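upload-v4.cif (mmCIF, C-alpha atoms and all ligand atoms) appears below.
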```cif
data_protein
loop_
_atom_site.label_atom_id
_atom_site.label_comp_id
_atom_site.auth_asym_id
_atom_site.auth_seq_id
_atom_site.Cartn_x
_atom_site.Cartn_y
_atom_site.Cartn_z
CA MET A 1 20.85 4.03 -19.75
CA HIS A 2 18.70 2.24 -17.22
CA LYS A 3 15.93 -0.06 -18.40
CA ILE A 4 12.54 0.12 -16.65
CA LEU A 5 11.80 -3.48 -15.68
CA LYS A 6 8.49 -2.92 -13.91
CA LYS A 7 5.98 -0.09 -13.58
CA VAL A 8 2.99 -0.11 -11.24
CA GLN A 9 0.57 2.73 -10.48
CA LEU A 10 0.09 2.51 -6.70
CA CYS A 11 -2.56 5.23 -6.47
CA PRO A 12 -3.78 8.07 -8.73
CA ILE A 13 -0.60 10.14 -8.16
CA VAL A 14 2.08 7.63 -7.13
CA TYR A 15 4.06 5.18 -9.28
CA LEU A 16 6.51 2.39 -8.51
CA MET A 17 9.33 1.64 -10.93
CA GLU A 18 11.87 -1.17 -10.77
CA VAL A 19 14.87 -0.07 -12.78
CA GLU A 20 18.04 -1.83 -13.93
CA ALA A 21 20.97 -0.41 -11.92
CA PRO A 22 23.29 -3.26 -10.83
CA LEU A 23 26.09 -1.14 -9.35
CA ILE A 24 23.68 0.92 -7.24
CA ALA A 25 21.81 -2.21 -6.11
CA LYS A 26 25.08 -3.69 -4.90
CA LYS A 27 25.99 -0.74 -2.67
CA ASN A 28 22.68 0.69 -1.50
CA LYS A 29 21.78 0.99 2.19
CA PRO A 30 18.49 2.23 3.80
CA GLY A 31 18.19 6.02 3.81
CA GLN A 32 20.10 6.56 0.55
CA PHE A 33 18.82 8.06 -2.66
CA VAL A 34 19.58 8.46 -6.36
CA VAL A 35 19.53 11.44 -8.69
CA LEU A 36 18.13 10.76 -12.13
CA ARG A 37 17.79 12.54 -15.43
CA ILE A 38 15.26 11.47 -18.03
CA HIS A 39 16.76 13.12 -21.12
CA GLU A 40 19.75 15.25 -22.19
CA LYS A 41 18.11 18.58 -21.34
CA GLY A 42 16.18 17.28 -18.34
CA GLU A 43 16.59 18.45 -14.75
CA ARG A 44 18.04 16.16 -12.11
CA ILE A 45 15.64 14.93 -9.45
CA PRO A 46 16.42 13.02 -6.26
CA LEU A 47 14.37 9.91 -5.35
CA THR A 48 14.84 7.56 -2.40
CA ILE A 49 15.87 3.97 -3.12
CA VAL A 50 12.92 2.02 -1.70
CA ASN A 51 14.35 -1.42 -2.43
CA SER A 52 17.40 -2.93 -4.07
CA ASP A 53 17.76 -6.40 -5.48
CA GLU A 54 21.39 -7.33 -5.93
CA LYS A 55 20.52 -10.64 -7.63
CA HIS A 56 18.43 -8.98 -10.33
CA GLY A 57 20.67 -5.90 -10.45
CA SER A 58 17.72 -3.59 -9.91
CA ILE A 59 16.47 -0.82 -7.64
CA THR A 60 12.91 0.23 -6.85
CA LEU A 61 11.82 3.87 -6.83
CA ILE A 62 8.42 5.19 -5.76
CA PHE A 63 7.51 8.71 -6.80
CA GLN A 64 4.64 11.12 -6.56
CA VAL A 65 3.74 13.17 -9.63
CA VAL A 66 4.12 16.81 -8.56
CA GLY A 67 5.68 18.67 -11.49
CA LYS A 68 7.09 18.36 -14.98
CA THR A 69 9.89 15.84 -14.39
CA THR A 70 7.88 13.43 -12.25
CA LYS A 71 5.05 13.71 -14.81
CA LEU A 72 7.48 12.86 -17.65
CA LEU A 73 8.82 9.95 -15.60
CA SER A 74 5.30 8.61 -15.05
CA LYS A 75 4.83 8.49 -18.86
CA LEU A 76 7.76 6.09 -19.34
CA ASN A 77 6.80 2.44 -19.66
CA GLU A 78 8.33 -0.97 -18.99
CA GLY A 79 11.09 -1.66 -21.54
CA GLU A 80 11.90 2.05 -21.94
CA TYR A 81 15.00 3.72 -20.49
CA ILE A 82 15.95 6.45 -17.99
CA LEU A 83 19.00 8.34 -19.33
CA ASN A 84 21.10 8.39 -16.16
CA ILE A 85 20.86 7.48 -12.51
CA ALA A 86 23.58 8.44 -10.02
CA GLY A 87 23.82 6.81 -6.62
CA PRO A 88 23.61 5.58 -4.01
CA LEU A 89 23.88 9.09 -2.52
CA GLY A 90 23.57 10.48 0.98
CA LYS A 91 24.51 8.97 4.31
CA PRO A 92 22.81 5.68 5.14
CA THR A 93 20.56 5.54 8.21
CA GLU A 94 22.40 4.41 11.34
CA ILE A 95 20.45 1.24 12.00
CA GLU A 96 20.83 0.20 15.62
CA HIS A 97 18.93 -1.59 18.31
CA TYR A 98 17.11 1.28 20.02
CA GLY A 99 14.14 -0.64 21.50
CA THR A 100 10.86 0.78 20.22
CA VAL A 101 11.09 2.67 16.95
CA VAL A 102 8.14 4.63 15.55
CA LEU A 103 8.33 5.18 11.78
CA ILE A 104 6.08 7.86 10.38
CA GLY A 105 5.42 8.37 6.66
CA GLY A 106 3.28 11.15 5.25
CA GLY A 107 2.04 10.72 1.65
CA VAL A 108 4.77 9.24 -0.51
CA GLY A 109 6.89 9.18 2.67
CA ALA A 110 5.19 5.81 3.35
CA ALA A 111 7.45 4.38 0.63
CA GLU A 112 10.52 5.89 2.24
CA ILE A 113 9.85 4.30 5.65
CA TYR A 114 9.47 0.82 4.11
CA PRO A 115 13.22 0.04 3.82
CA GLU A 116 13.71 1.62 7.27
CA ALA A 117 11.00 -0.60 8.80
CA LYS A 118 12.65 -3.73 7.39
CA ALA A 119 16.11 -2.68 8.60
CA PHE A 120 15.01 -1.58 12.11
CA LYS A 121 13.02 -4.81 12.50
CA ALA A 122 16.02 -6.89 11.40
CA ALA A 123 18.11 -5.07 14.05
CA GLY A 124 15.74 -6.37 16.74
CA ASN A 125 13.62 -3.26 17.33
CA TYR A 126 9.89 -3.25 18.09
CA VAL A 127 8.61 -1.33 15.06
CA ILE A 128 5.49 0.84 15.07
CA GLY A 129 4.45 2.23 11.69
CA ILE A 130 2.16 5.23 11.19
CA VAL A 131 1.22 6.36 7.70
CA GLY A 132 -0.96 9.24 6.69
CA ALA A 133 -2.59 10.53 3.53
CA ARG A 134 -5.17 13.13 2.56
CA THR A 135 -7.69 10.40 1.74
CA ALA A 136 -7.89 6.58 1.66
CA ASN A 137 -7.18 6.11 -2.05
CA LEU A 138 -3.84 7.94 -1.72
CA LEU A 139 -2.50 5.41 0.81
CA ILE A 140 0.37 3.27 -0.50
CA LEU A 141 2.24 0.14 0.65
CA GLU A 142 -0.30 -0.57 3.38
CA ASN A 143 0.02 -4.37 3.14
CA GLU A 144 3.79 -4.34 2.77
CA LEU A 145 4.23 -2.14 5.84
CA LYS A 146 1.73 -4.18 7.88
CA GLN A 147 3.89 -7.23 7.28
CA VAL A 148 7.09 -5.67 8.61
CA CYS A 149 5.68 -3.56 11.47
CA ASP A 150 4.74 -4.96 14.90
CA GLU A 151 2.00 -2.33 15.15
CA PHE A 152 0.60 -0.33 12.26
CA TYR A 153 -1.67 2.73 12.19
CA ILE A 154 -3.30 4.73 9.42
CA ALA A 155 -4.44 8.36 9.59
CA THR A 156 -6.37 10.20 6.89
CA ASP A 157 -7.12 13.93 6.83
CA ASP A 158 -10.75 13.26 5.79
CA GLY A 159 -11.31 10.22 8.02
CA SER A 160 -11.96 7.91 5.04
CA LYS A 161 -9.67 5.25 6.59
CA GLY A 162 -8.09 4.74 10.01
CA TYR A 163 -7.78 7.63 12.43
CA HIS A 164 -9.53 10.86 11.33
CA GLY A 165 -6.68 13.37 11.58
CA PHE A 166 -2.92 13.64 11.30
CA VAL A 167 -0.10 11.15 11.87
CA SER A 168 1.15 13.43 14.65
CA ASP A 169 -2.18 12.93 16.50
CA VAL A 170 -1.63 9.16 16.44
CA LEU A 171 1.91 9.63 17.78
CA LYS A 172 0.56 11.92 20.55
CA GLN A 173 -1.95 9.22 21.54
CA LEU A 174 0.85 6.64 21.83
CA ILE A 175 2.91 9.04 23.98
CA ASP A 176 -0.15 9.84 26.15
CA LYS A 177 -0.81 6.09 26.60
CA GLY A 178 2.68 5.81 28.09
CA VAL A 179 4.28 3.80 25.26
CA LYS A 180 8.04 4.03 25.81
CA ILE A 181 9.41 5.29 22.49
CA ASP A 182 13.17 5.22 21.90
CA LEU A 183 13.30 6.66 18.39
CA VAL A 184 10.94 8.45 16.03
CA TYR A 185 11.85 8.50 12.33
CA ALA A 186 9.67 10.76 10.16
CA VAL A 187 9.57 11.46 6.44
CA GLY A 188 6.97 13.38 4.51
CA PRO A 189 5.87 16.99 3.99
CA THR A 190 8.18 19.42 5.78
CA ILE A 191 5.36 20.81 7.91
CA MET A 192 4.58 17.27 9.13
CA MET A 193 8.21 16.70 10.13
CA LYS A 194 8.23 20.07 11.93
CA VAL A 195 5.06 19.25 13.91
CA ILE A 196 6.41 15.81 14.88
CA SER A 197 9.77 17.21 15.97
CA ASN A 198 8.03 19.88 18.08
CA LEU A 199 5.86 17.17 19.64
CA THR A 200 8.71 14.83 20.63
CA LYS A 201 11.14 17.53 21.82
CA PRO A 202 9.64 18.14 25.29
CA TYR A 203 9.62 14.36 25.91
CA GLY A 204 13.28 14.04 24.90
CA ILE A 205 12.45 11.38 22.28
CA LYS A 206 15.27 11.11 19.72
CA THR A 207 13.76 12.15 16.38
CA LEU A 208 15.26 11.75 12.92
CA VAL A 209 13.79 13.43 9.86
CA SER A 210 14.66 12.85 6.19
CA LEU A 211 14.76 16.28 4.56
CA ASN A 212 13.79 17.07 0.98
CA PRO A 213 15.29 20.42 0.01
CA ILE A 214 15.75 21.23 -3.67
CA MET A 215 18.89 19.48 -4.91
CA LEU A 216 20.98 20.11 -7.99
CA ASP A 217 24.35 18.34 -8.22
CA ALA A 218 23.85 16.19 -5.08
CA THR A 219 27.62 16.07 -4.57
CA GLY A 220 28.03 18.84 -2.01
CA MET A 221 29.40 21.32 -4.58
CA CYS A 222 26.53 23.66 -5.50
CA GLY A 223 25.07 24.50 -2.09
CA VAL A 224 21.47 24.45 -3.34
CA CYS A 225 20.38 21.88 -0.74
CA ARG A 226 21.75 23.82 2.24
CA VAL A 227 19.79 23.55 5.46
CA LYS A 228 20.40 24.98 8.93
CA VAL A 229 20.80 22.33 11.61
CA GLY A 230 21.76 23.29 15.17
CA GLY A 231 22.76 26.75 13.89
CA GLU A 232 25.20 25.27 11.35
CA ILE A 233 24.87 25.12 7.58
CA LYS A 234 24.69 21.55 6.29
CA PHE A 235 24.29 20.16 2.79
CA ALA A 236 21.46 17.65 2.80
CA CYS A 237 22.91 15.68 -0.14
CA VAL A 238 26.17 14.77 1.57
CA ASP A 239 25.62 15.51 5.28
CA GLY A 240 22.07 14.07 5.20
CA PRO A 241 19.36 13.68 4.08
CA GLU A 242 18.65 12.61 7.69
CA PHE A 243 19.10 15.02 10.57
CA ASP A 244 18.11 15.44 14.20
CA GLY A 245 14.60 16.91 13.92
CA HIS A 246 15.04 18.90 17.14
CA LEU A 247 17.86 20.89 15.55
CA VAL A 248 16.47 21.58 12.04
CA ASP A 249 15.40 25.12 11.08
CA PHE A 250 12.18 24.01 9.35
CA ASP A 251 10.94 27.54 8.61
CA LEU A 252 14.07 28.33 6.60
CA LEU A 253 13.76 24.99 4.77
CA MET A 254 10.13 25.69 3.85
CA ALA A 255 11.03 29.17 2.59
CA ARG A 256 13.85 27.75 0.43
CA GLN A 257 11.56 25.01 -0.95
CA ARG A 258 9.25 27.75 -2.26
CA THR A 259 12.05 29.55 -4.17
CA TYR A 260 11.11 28.32 -7.64
CA LEU A 261 7.38 27.73 -7.11
CA GLU A 262 6.29 30.22 -9.82
CA GLU A 263 8.80 28.82 -12.36
CA GLU A 264 7.80 25.22 -11.50
CA LYS A 265 4.11 26.10 -12.02
CA LYS A 266 4.84 27.83 -15.33
CA ILE A 267 6.94 24.98 -16.76
CA LEU A 268 4.23 22.46 -15.86
CA GLU A 269 1.59 24.62 -17.56
CA ILE A 270 3.73 24.90 -20.72
CA TYR A 271 4.37 21.14 -20.70
CA GLU A 272 0.66 20.35 -20.25
CA LYS A 273 -0.25 22.71 -23.12
CA MET A 274 2.35 21.04 -25.38
CA GLU A 275 1.02 17.62 -24.35
CA LYS A 276 -2.52 18.56 -25.44
CA SER A 277 -1.54 20.11 -28.79
C1 LIG A 301 16.78 13.14 -0.75
C2 LIG A 301 15.43 13.26 -1.42
C3 LIG A 301 14.71 12.11 -1.62
C4 LIG A 301 13.45 12.19 -2.25
N1 LIG A 301 12.76 11.03 -2.41
C5 LIG A 301 11.55 11.06 -3.02
C6 LIG A 301 10.83 9.86 -3.23
O1 LIG A 301 11.26 8.74 -2.90
N2 LIG A 301 9.62 9.96 -3.86
C7 LIG A 301 9.12 11.18 -4.25
O2 LIG A 301 8.01 11.19 -4.81
N3 LIG A 301 9.78 12.32 -4.06
C8 LIG A 301 10.99 12.30 -3.47
N4 LIG A 301 11.69 13.49 -3.31
C9 LIG A 301 11.11 14.75 -3.86
C10 LIG A 301 11.34 14.81 -5.38
O3 LIG A 301 12.71 14.95 -5.66
C11 LIG A 301 10.57 16.00 -6.00
O4 LIG A 301 9.20 15.73 -5.88
C12 LIG A 301 10.90 16.16 -7.49
O5 LIG A 301 12.19 16.69 -7.64
C13 LIG A 301 9.89 17.09 -8.15
O6 LIG A 301 10.25 17.34 -9.50
P1 LIG A 301 9.20 17.84 -10.56
O7 LIG A 301 9.92 18.45 -11.73
O8 LIG A 301 8.23 16.78 -10.89
O9 LIG A 301 8.39 18.95 -9.80
P2 LIG A 301 8.70 20.54 -9.64
O10 LIG A 301 7.61 21.27 -10.30
O11 LIG A 301 10.09 20.84 -10.08
O12 LIG A 301 8.62 20.70 -8.12
C14 LIG A 301 7.53 20.32 -7.31
C15 LIG A 301 8.02 20.22 -5.87
O13 LIG A 301 9.22 19.42 -5.76
C16 LIG A 301 10.31 20.18 -5.19
N5 LIG A 301 11.50 19.96 -6.01
C17 LIG A 301 11.70 20.39 -7.29
N6 LIG A 301 12.91 20.04 -7.74
C18 LIG A 301 13.51 19.39 -6.74
C19 LIG A 301 14.79 18.80 -6.62
N7 LIG A 301 15.70 18.80 -7.60
N8 LIG A 301 15.07 18.23 -5.44
C20 LIG A 301 14.17 18.18 -4.44
N9 LIG A 301 12.93 18.72 -4.51
C21 LIG A 301 12.62 19.33 -5.64
C22 LIG A 301 9.87 21.62 -5.32
O14 LIG A 301 10.39 22.45 -4.31
C23 LIG A 301 8.37 21.54 -5.23
O15 LIG A 301 7.94 21.48 -3.89
C24 LIG A 301 12.93 13.45 -2.67
C25 LIG A 301 13.67 14.62 -2.46
C26 LIG A 301 14.92 14.53 -1.84
C27 LIG A 301 15.72 15.76 -1.61
S1 LIG A 302 22.63 19.51 -4.09
FE1 LIG A 302 24.36 20.69 -4.46
S2 LIG A 302 25.34 20.77 -2.54
FE2 LIG A 302 23.68 19.43 -2.23
#
```

Represent the supplied structure as structure tokens.
Amino acid sequence: MHKILKKVQLCPIVYLMEVEAPLIAKKNKPGQFVVLRIHEKGERIPLTIVNSDEKHGSITLIFQVVGKTTKLLSKLNEGEYILNIAGPLGKPTEIEHYGTVVLIGGGVGAAEIYPEAKAFKAAGNYVIGIVGARTANLLILENELKQVCDEFYIATDDGSKGYHGFVSDVLKQLIDKGVKIDLVYAVGPTIMMKVISNLTKPYGIKTLVSLNPIMLDATGMCGVCRVKVGGEIKFACVDGPEFDGHLVDFDLLMARQRTYLEEEKKILEIYEKMEKS
């Protein structure tokens, strides 16, 4: 049982939770994630560890409400408990001194680039952050990211804040201006990661993406999270979740992500009906 120490609503659909998890806090490295279960019959969902505080024995998770489990999680309050949390899982990011590192976060991906920004900065890199959202009030961690990035850009689909357009447009402008980029790290919707990887490939810019296939056991046993990278089958939970964006078969990943769409929609409808009655 893991006590919720802090809960903050960051925007209409995104919540931050600081949760008691001393053993995970002790071991966690940027790029790793946990798998949690809210109750005995609940499904397991993976969430990135955004921050860990060894002194307080806690980890911070930031999640977007998309379906039944994330909705249930958003209903839990400070002082309540999450049944189980397994982690840290996945391979940590290889933090090195590359030179100039561009970190790109789409939607809730902004939370996932925060620990990366801190780590790449601490390793002596010049860090450029680009975050995007559909509209201004869905932007998260703007101030926190501004503090750790040397340069910081915002893009919104509707132009309500920052650049009117996509994060990939901002990256293209930097490339066109002749900024020498040594590494691009992108996390967000799969289509965004695909567009960014296609953009950087002809320039030979090393590009890492953090993939979010459906996961089940997250131990490399079930095969549910399999992705094709460089023609080989990899399991995102143990071989990733980060991979070379130039080698990922994004179309296959997107098709696999849609596998249970109808069932996910149905279960959310049933849950919302039960909630109202
Ligand atoms: C390594 C990893 C790290 C992640 N980190 C974060 C994070 O920090 N913050 C965040 O908001 N989201 C994160 N996600 C996505 C998050 O796990 C899903 O949003 C969540 O599982 C949705 O559950 P649901 O029941 O609310 O929605 P559902 O109705 O079940 O699904 C809605 C969407 O989530 C996807 N999804 C469903 N179940 C899973 C699953 N078990 N694993 C992965 N995707 C699933 C579905 O394909 C669908 O697109 C991460 C995913 C992975 C693989
Ligand atoms: S989630 Fe089962 S092998 Fe990765």

**Request:** Can you work out which one of A:Pro88, A:Gly129, A:Pro241, A:Pro22 has the shortest atom-to-atom distance to ligand LIG 301 (chain A), counting only C-alpha atoms and all ligand atoms?
**Result:**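 Once distances to ligand LIG 301 (chain A) are computed over only C-alpha atoms and all ligand atoms, the minimum belongs to A:Pro241.
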
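For A:Ala133, the set of protein, DNA and RNA residues having any atom at most 10 Å away, when counting only C-alpha atoms and skipping those fewer than 3 positions along the same chain, is Gly105, Gly106, Gly107, Val108, Gly109, Ala110, Ala136, Asn137, Leu138, Leu139, Ile140, Ile154, Ala155, Thr156, Asp157, Asp158, Gly159, Ser160, Lys161, Gly165, Phe166 and Val167 of chain A.
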
With C-alpha atoms kept, could you save the residues just selected as a compact mmCIF listing (two decimals), keeping the file's coordinate frame?
```txt
# COMPACT_ATOMS: atom_id res chain seq x y z
CA GLY A 105 5.42 8.37 6.66
CA GLY A 106 3.28 11.15 5.25
CA GLY A 107 2.04 10.72 1.65
CA VAL A 108 4.77 9.24 -0.51
CA GLY A 109 6.89 9.18 2.67
CA ALA A 110 5.19 5.81 3.35
CA ALA A 136 -7.89 6.58 1.66
CA ASN A 137 -7.18 6.11 -2.05
CA LEU A 138 -3.84 7.94 -1.72
CA LEU A 139 -2.50 5.41 0.81
CA ILE A 140 0.37 3.27 -0.50
CA ILE A 154 -3.30 4.73 9.42
CA ALA A 155 -4.44 8.36 9.59
CA THR A 156 -6.37 10.20 6.89
CA ASP A 157 -7.12 13.93 6.83
CA ASP A 158 -10.75 13.26 5.79
CA GLY A 159 -11.31 10.22 8.02
CA SER A 160 -11.96 7.91 5.04
CA LYS A 161 -9.67 5.25 6.59
CA GLY A 165 -6.68 13.37 11.58
CA PHE A 166 -2.92 13.64 11.30
CA VAL A 167 -0.10 11.15 11.87
```

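The binding environment of ligand LIG 302 (chain A), defined as every protein, DNA or RNA residue with an atom no more than 8 Å away and counting all atoms listed in the file, comprises A:Ile214, A:Met215, A:Leu216, A:Asp217, A:Ala218, A:Thr219, A:Gly220, A:Met221, A:Cys222, A:Gly223, A:Val224, A:Cys225, A:Arg226, A:Phe235, A:Ala236, A:Cys237, A:Val238.
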
**Nearest to A:Leu183 by atom-to-atom distance, counting all atoms listed in the file, from A:Val50, A:Val34, A:Ile128, A:Met1** = A:Ile128

**Message:** Distance limit 6 Å, reference ligand LIG 301 (chain A), atoms considered: only C-alpha atoms and all ligand atoms. Which residues make the cut? Give them as a list in words.
**Reply:** Phe33, Arg44, Ile45, Pro46, Leu47, Thr48, Ile62, Phe63, Gln64, Val65, Val66, Gly67, Lys68, Thr69, Thr70, Lys71, Val108, Glu112, Asn212, Pro213, Ile214, Met215, Leu216, Pro241, Gln257, Arg258 and Glu264 of chain A

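Ranking A:Val179, A:Ile85, A:Leu10, A:Met254 by their shortest atom-to-atom distance to A:Val101, with only C-alpha atoms included, puts A:Val179 first.
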
Excluding A:Asn28 and its own-chain neighbours fewer than 2 positions away, which residues fall within 12 Å of it when counting only C-alpha atoms? Please give them as a short mmCIF file (atom, residue, chain, number, x, y, z; two decimals) with C-alpha atoms, in the coordinates of the input.
```cif
data_model
loop_
_atom_site.label_atom_id
_atom_site.label_comp_id
_atom_site.auth_asym_id
_atom_site.auth_seq_id
_atom_site.Cartn_x
_atom_site.Cartn_y
_atom_site.Cartn_z
CA ALA A 21 20.97 -0.41 -11.92
CA PRO A 22 23.29 -3.26 -10.83
CA LEU A 23 26.09 -1.14 -9.35
CA ILE A 24 23.68 0.92 -7.24
CA ALA A 25 21.81 -2.21 -6.11
CA LYS A 26 25.08 -3.69 -4.90
CA PRO A 30 18.49 2.23 3.80
CA GLY A 31 18.19 6.02 3.81
CA GLN A 32 20.10 6.56 0.55
CA PHE A 33 18.82 8.06 -2.66
CA VAL A 34 19.58 8.46 -6.36
CA THR A 48 14.84 7.56 -2.40
CA ILE A 49 15.87 3.97 -3.12
CA VAL A 50 12.92 2.02 -1.70
CA ASN A 51 14.35 -1.42 -2.43
CA SER A 52 17.40 -2.93 -4.07
CA ASP A 53 17.76 -6.40 -5.48
CA GLU A 54 21.39 -7.33 -5.93
CA GLY A 57 20.67 -5.90 -10.45
CA SER A 58 17.72 -3.59 -9.91
CA ILE A 59 16.47 -0.82 -7.64
CA THR A 60 12.91 0.23 -6.85
CA ALA A 86 23.58 8.44 -10.02
CA GLY A 87 23.82 6.81 -6.62
CA PRO A 88 23.61 5.58 -4.01
CA LEU A 89 23.88 9.09 -2.52
CA GLY A 90 23.57 10.48 0.98
CA LYS A 91 24.51 8.97 4.31
CA PRO A 92 22.81 5.68 5.14
CA THR A 93 20.56 5.54 8.21
CA PRO A 115 13.22 0.04 3.82
#
```

**Item:** For atom CA of A:Leu208 and atom CA of A:His246, the interatomic separation in Å (one decimal)
**Value:**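 Interatomic distance here is 8.3 Å.
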
**Message:** At a cut-off of 6 Å, using only C-alpha atoms, what residues contact A:Leu16? Leave out same-chain residues fewer than 4 positions from it and give the result as JSON, numbers by chain.
**Reply:** {"A": [7, 8, 61, 62]}

**Request:** Please indicate the distance in Å from atom CA of A:Val14 to atom CA of A:Leu261, rounded to one decimal place.
**Result:**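 One can read the atom CA of A:Val14 to atom CA of A:Leu261 distance as 20.8 Å.
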
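The coordinates place atom CA of A:Ala111 at 17.6 Å from atom CA of A:Ile95.
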
4 Å per side around stretch 3-22 of chain A: axis-aligned box centre and edge lengths, as AutoDock Vina command-line options:
```
--center_x 9.8 --center_y 3.3 --center_z -12.4 --size_x 35.1 --size_y 21.6 --size_z 19.9
```

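Every protein, DNA or RNA residue with an atom at most 6 Å from A:Lys6, where only C-alpha atoms count and chain neighbours fewer than 5 positions away do not, is listed here: Met17, Glu18 and Glu78 of chain A.
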
**Request:** List the residues sitting within 8 Å of (15.4, 19.6, 13.2) in the file's frame, using all atoms listed in the file, as a PyMOL selection string.
**Result:** chain A and resi 194+197+208-209+229-230+243-250

List the residues sitting within 8 Å of (11.3, 7.6, 15.1) in the file's frame, using only C-alpha atoms, as a CSV table (one decimal) with C-alpha atoms, in the frame of the given file.
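Resulting contents of point31.csv:
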```
chain,number,residue,atom,x,y,z
A,101,VAL,CA,11.1,2.7,17.0
A,102,VAL,CA,8.1,4.6,15.6
A,103,LEU,CA,8.3,5.2,11.8
A,104,ILE,CA,6.1,7.9,10.4
A,181,ILE,CA,9.4,5.3,22.5
A,182,ASP,CA,13.2,5.2,21.9
A,183,LEU,CA,13.3,6.7,18.4
A,184,VAL,CA,10.9,8.4,16.0
A,185,TYR,CA,11.8,8.5,12.3
A,186,ALA,CA,9.7,10.8,10.2
A,206,LYS,CA,15.3,11.1,19.7
A,207,THR,CA,13.8,12.2,16.4
A,208,LEU,CA,15.3,11.8,12.9
```

**Item:** Shortest interatomic distance to A:Val187 - which of A:Ala255, A:Ile205, A:Ile233, A:Leu211, counting all atoms listed in the file
**Value:**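 The closest residue to A:Val187 is A:Leu211.
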
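Closest to A:Glu272 among A:Leu72, A:Tyr98, A:Thr135, A:Phe152 is A:Leu72, based on all atoms listed in the file.
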
**Counting only C-alpha atoms, the option among A:Ala117, A:Ala123, A:Leu83, A:Val148 closest to A:His2** = A:Leu83
